[in-house]
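Below you'll find the structure, written out as structure tokens, and then a few comments.
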Amino acid sequence: MKNNESKLIRTKLSRFGEEFSKGILIPVFILPIVGILLAFGVLLTNKAIPLANIEKIFEFGTILKNSVLSIFINLSPVFCVGIAAGMAKSKKGNAALNAIVLFFIFIYSMNSFMKLNSLLIDGNLSGTGQGNILGVQILDMGVFLGIILGVLTAIIHNKYFGIEFNGAMRLYGGANLALLIGIPIVIILSIILTYSWPLIQTGISKMTNLIVSTGSFGVGLYGFLERILIPTGLHHLLWVPVELSSVSGSGVVDGVYLEGVRNIAMAELASSNVDRLGPGAVYLTKAMSKMFELVGAAYAIYKCADEENKTKVKALLIPAVGAAVTAGVTEPLEFSFLFTAPILFVVHAILAGIGMAIVAILDIRVIAVSGGIEFLAMMLPVGAKGDTIKFIIVGIVQIVIYYYIFRFLITKLNLKTPGRGNATKLYTKGEYNEAHEKGKDIDLEKKLNW
């Protein structure tokens with residue numbers, strides 16, 4: 001009986017993790033777009049570029065730079081709406097609207113409660129644990145507030161949006177019912193978090209100090225975990241706090257208080273007073289495994305393929321590698337490791353962690369999260385602010401290391417990577433999850449045939 005209950009709990013947690021993973025991708029996917037626009041604005045305000053000396057173009061660049069930077073300063077409502085819409089099973093637009101309504105209700109409710117109990121701090125709020133969210137002073141929960149309210153909104157919406165009433169009560173059914181139920185829950189939550197969040201902030205502060213004290217080892221461990229957790233979808237619960245919240249530190253750039261290495265680095269990128277990105281930017285180099293390392297892995301797979309399959313494998317690998325290098329889409333390659341040779345995925349995660357540790361040891365500070373397009377867009381406009389050349393050199397070395405290690409393992413262990421035997425197919429996360437849920441061994445002879 002206990003085994004069945006334990007299995008049910010694991011299944012529910014796994015399903016929630018998958019739903020959360022899908023939901024959080026909506027706000028996450030806008031970050032590279034906004035980042036590229038920010039880099040373009042920086043480019044248009046760089047006086048070293050002749051085009052930027054034209055007054056109207058410089059003014060446009062300034063407006064563009066400052067406007068898109070606002071997204072990184074206000075990630076909490078963005079994540080709240082995005083997660084709610086992403087996790088909603090139906091009527092996603094209603095879920096998104098409910099999310100922003102509940103977000104406003106939460107911040108004004110917390111502000112009112114803190115004001116009534118004389119808990120608000122006057123003056124400079126930097127480092128006090130309080131901050132202004134959309135102009136309202138409350139406890140500074142950063143992106144965690146958006147995540148909490150987004151998930152809560154989605155849960156309530158999915159439970160009640162299908163309930164409809166008749167007659168005069170019709171207006172209060174469906175998504176409106178979910179909103180009505182959500183309002184008192186959010187108000188009560190704001191009061192609870194007023195007293196409980198400072199304790200959580202203390203824990204976050206200790207975690208921040210631990211991360212900083214571990215130095216390059218901590219960066220490497222982060223890189224390993226960020227890769228190894230991909231099959232579960234839980235890697236989002238790792239990188240979001242590290243990159244977007246006070247877990248990875250806080251700082252003031254041009255008079256603006258910011259939390260999270262990505263937000264700080266973006267502000268530094270846009271600042272004319274910063275000569276080089278801060279040390280926290282080493283956490284933003286995880287594109288190493290996307291831009292460089294998987295190139296070596298893919299070439300090893302191609303070289304180890306049977307002669308009669310090499311043409312087919314090349315046709316598969318070239319677009320897969322292109323997607324990884326340019327846009328950071330690594331799914332076809334990484335989940336093929338999980339299907340055919342899980343040991344390669346484990347080795348990949350270890351090497352990715354070592355790569356990030358080396359970046360930390362060499363103190364390479366670049367913005368490279370979502371592949372080559374974002375990397376070039378971010379780093380080319382800033383020149384001396386980035387360590388572009390060093391990053392590329394380390395990446396090339398990583399390609400060579402990956403190639404020889406993967407080739408050795410594939411041949412030594414006779415792994416059935418694409419092109420060997422009947423294995424001539426790449427896989428998606430959906431196919432991996434489907435096979436995993438069935439709890440059965442994968443029939444490679446059937447699954448991997450053309």
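If you're wondering about the labels, chains in the structure tokens are A, B, ... by order shown, residues count from 1 in each chain, ligands from 1 in order shown.
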
With only C-alpha atoms as the counted atoms, please give the residues lying no more than 10 Å from Leu294 of chain A, apart from itself and same-chain residues fewer than 3 positions off, as a list in words.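 Residues meeting the cut-off are Met288, Ser289, Lys290, Met291, Ala297, Ala298, Tyr299, Ala300, Ala320, Val321, Ala324, Val325, Thr330, Leu333, Glu334, His348, Ala352, Gln398, Ile399, Tyr402 and Tyr403 of chain A.
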
If you keep C-alpha atoms, can you produce a file of those selected residues as a PDB file, in the first residue's frame?
ATOM      1  CA  MET A 288      29.286  26.569 -23.904  1.00  0.00           C
ATOM      2  CA  SER A 289      27.606  23.167 -24.132  1.00  0.00           C
ATOM      3  CA  LYS A 290      25.299  24.412 -26.876  1.00  0.00           C
ATOM      4  CA  MET A 291      27.666  26.422 -29.041  1.00  0.00           C
ATOM      5  CA  ALA A 297      29.798  15.150 -29.679  1.00  0.00           C
ATOM      6  CA  ALA A 298      27.924  15.244 -32.985  1.00  0.00           C
ATOM      7  CA  TYR A 299      31.143  14.882 -35.010  1.00  0.00           C
ATOM      8  CA  ALA A 300      32.108  11.850 -32.909  1.00  0.00           C
ATOM      9  CA  ALA A 320      20.522  19.529 -35.145  1.00  0.00           C
ATOM     10  CA  VAL A 321      23.969  21.025 -34.577  1.00  0.00           C
ATOM     11  CA  ALA A 324      22.159  24.031 -30.981  1.00  0.00           C
ATOM     12  CA  VAL A 325      24.915  26.431 -32.080  1.00  0.00           C
ATOM     13  CA  THR A 330      19.851  20.996 -27.901  1.00  0.00           C
ATOM     14  CA  LEU A 333      20.960  15.649 -29.614  1.00  0.00           C
ATOM     15  CA  GLU A 334      20.648  15.382 -25.838  1.00  0.00           C
ATOM     16  CA  HIS A 348      27.931  15.323 -21.215  1.00  0.00           C
ATOM     17  CA  ALA A 352      29.439  20.757 -19.161  1.00  0.00           C
ATOM     18  CA  GLN A 398      35.917  21.801 -25.558  1.00  0.00           C
ATOM     19  CA  ILE A 399      34.960  20.638 -29.062  1.00  0.00           C
ATOM     20  CA  TYR A 402      34.133  16.138 -26.492  1.00  0.00           C
ATOM     21  CA  TYR A 403      35.060  14.553 -29.804  1.00  0.00           C
TER      22      TYR A 403
END

Which polymer residues have any atom within 9 Å of an atom of Asn111 of chain A, counting only C-alpha atoms, with same-chain residues fewer than 4 positions away left out, as a PyMOL selection string? chain A and resi 106-107+115-116+120+136-139+190

Please list as a ChimeraX atom specification every residue within 10 Å of Thr128 of chain A, counting only C-alpha atoms and excluding residues in the same chain fewer than 4 positions away. /A:121,124,139-140

Would you save the residues of that selection, restricted to all heavy atoms, as a short mmCIF file (atom, residue, chain, number, x, y, z; two decimals), in the first residue's frame?
data_model
loop_
_atom_site.label_atom_id
_atom_site.label_comp_id
_atom_site.auth_asym_id
_atom_site.auth_seq_id
_atom_site.Cartn_x
_atom_site.Cartn_y
_atom_site.Cartn_z
N ILE A 121 9.46 50.42 5.50
CA ILE A 121 10.70 51.14 5.79
C ILE A 121 10.76 52.42 4.96
O ILE A 121 10.44 52.41 3.76
CB ILE A 121 11.93 50.26 5.48
CG1 ILE A 121 11.92 49.01 6.37
CG2 ILE A 121 13.23 51.03 5.65
CD1 ILE A 121 12.99 48.00 6.01
N ASN A 124 15.99 54.84 1.61
CA ASN A 124 16.60 53.93 0.64
C ASN A 124 16.31 52.48 1.02
O ASN A 124 16.61 52.02 2.12
CB ASN A 124 18.12 54.16 0.61
CG ASN A 124 18.81 53.31 -0.44
OD1 ASN A 124 18.16 52.71 -1.30
ND2 ASN A 124 20.13 53.28 -0.39
N LEU A 139 7.55 43.54 0.44
CA LEU A 139 8.74 42.71 0.60
C LEU A 139 9.30 42.38 -0.78
O LEU A 139 8.53 42.07 -1.70
CB LEU A 139 8.42 41.43 1.35
CG LEU A 139 8.04 41.57 2.83
CD1 LEU A 139 7.70 40.21 3.41
CD2 LEU A 139 9.16 42.22 3.63
N ASP A 140 10.58 42.45 -0.92
CA ASP A 140 11.21 42.18 -2.22
C ASP A 140 11.35 40.67 -2.41
O ASP A 140 12.31 40.06 -1.96
CB ASP A 140 12.58 42.87 -2.29
CG ASP A 140 13.15 42.82 -3.69
OD1 ASP A 140 12.50 42.24 -4.58
OD2 ASP A 140 14.26 43.36 -3.90
#

What's the 8 Å shell around Ala88 of chain A, counting only C-alpha atoms, without same-chain residues fewer than 6 positions away, as a tab-separated table (two decimals) with N, CA and C atoms, in the first residue's frame?
chain	number	residue	atom	x	y	z
A	95	ALA	N	-6.77	32.88	-18.06
A	95	ALA	CA	-5.81	32.58	-16.98
A	95	ALA	C	-4.77	33.69	-16.87
A	154	ALA	N	-2.71	29.26	-12.02
A	154	ALA	CA	-2.93	28.14	-12.94
A	154	ALA	C	-3.64	26.99	-12.25
A	155	ILE	N	-3.25	26.68	-11.02
A	155	ILE	CA	-3.88	25.58	-10.27
A	155	ILE	C	-5.36	25.88	-10.03
A	157	HIS	N	-7.24	28.05	-11.68
A	157	HIS	CA	-7.91	28.13	-12.97
A	157	HIS	C	-8.25	26.74	-13.51
A	158	ASN	N	-7.29	25.84	-13.48
A	158	ASN	CA	-7.52	24.49	-14.01
A	158	ASN	C	-8.58	23.73	-13.22

Measuring atom to atom with only C-alpha atoms, identify which of A:Gly296, A:Pro418, A:Gly93, A:Pro50 is nearest to Pro332 of chain A. A:Pro418

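Of the residues under consideration (A:Gly328, A:Pro279, A:Gly17, A:Gly223), A:Gly223 shows the shortest atom-to-atom contact distance to Ile354 of chain A when counting only C-alpha atoms.
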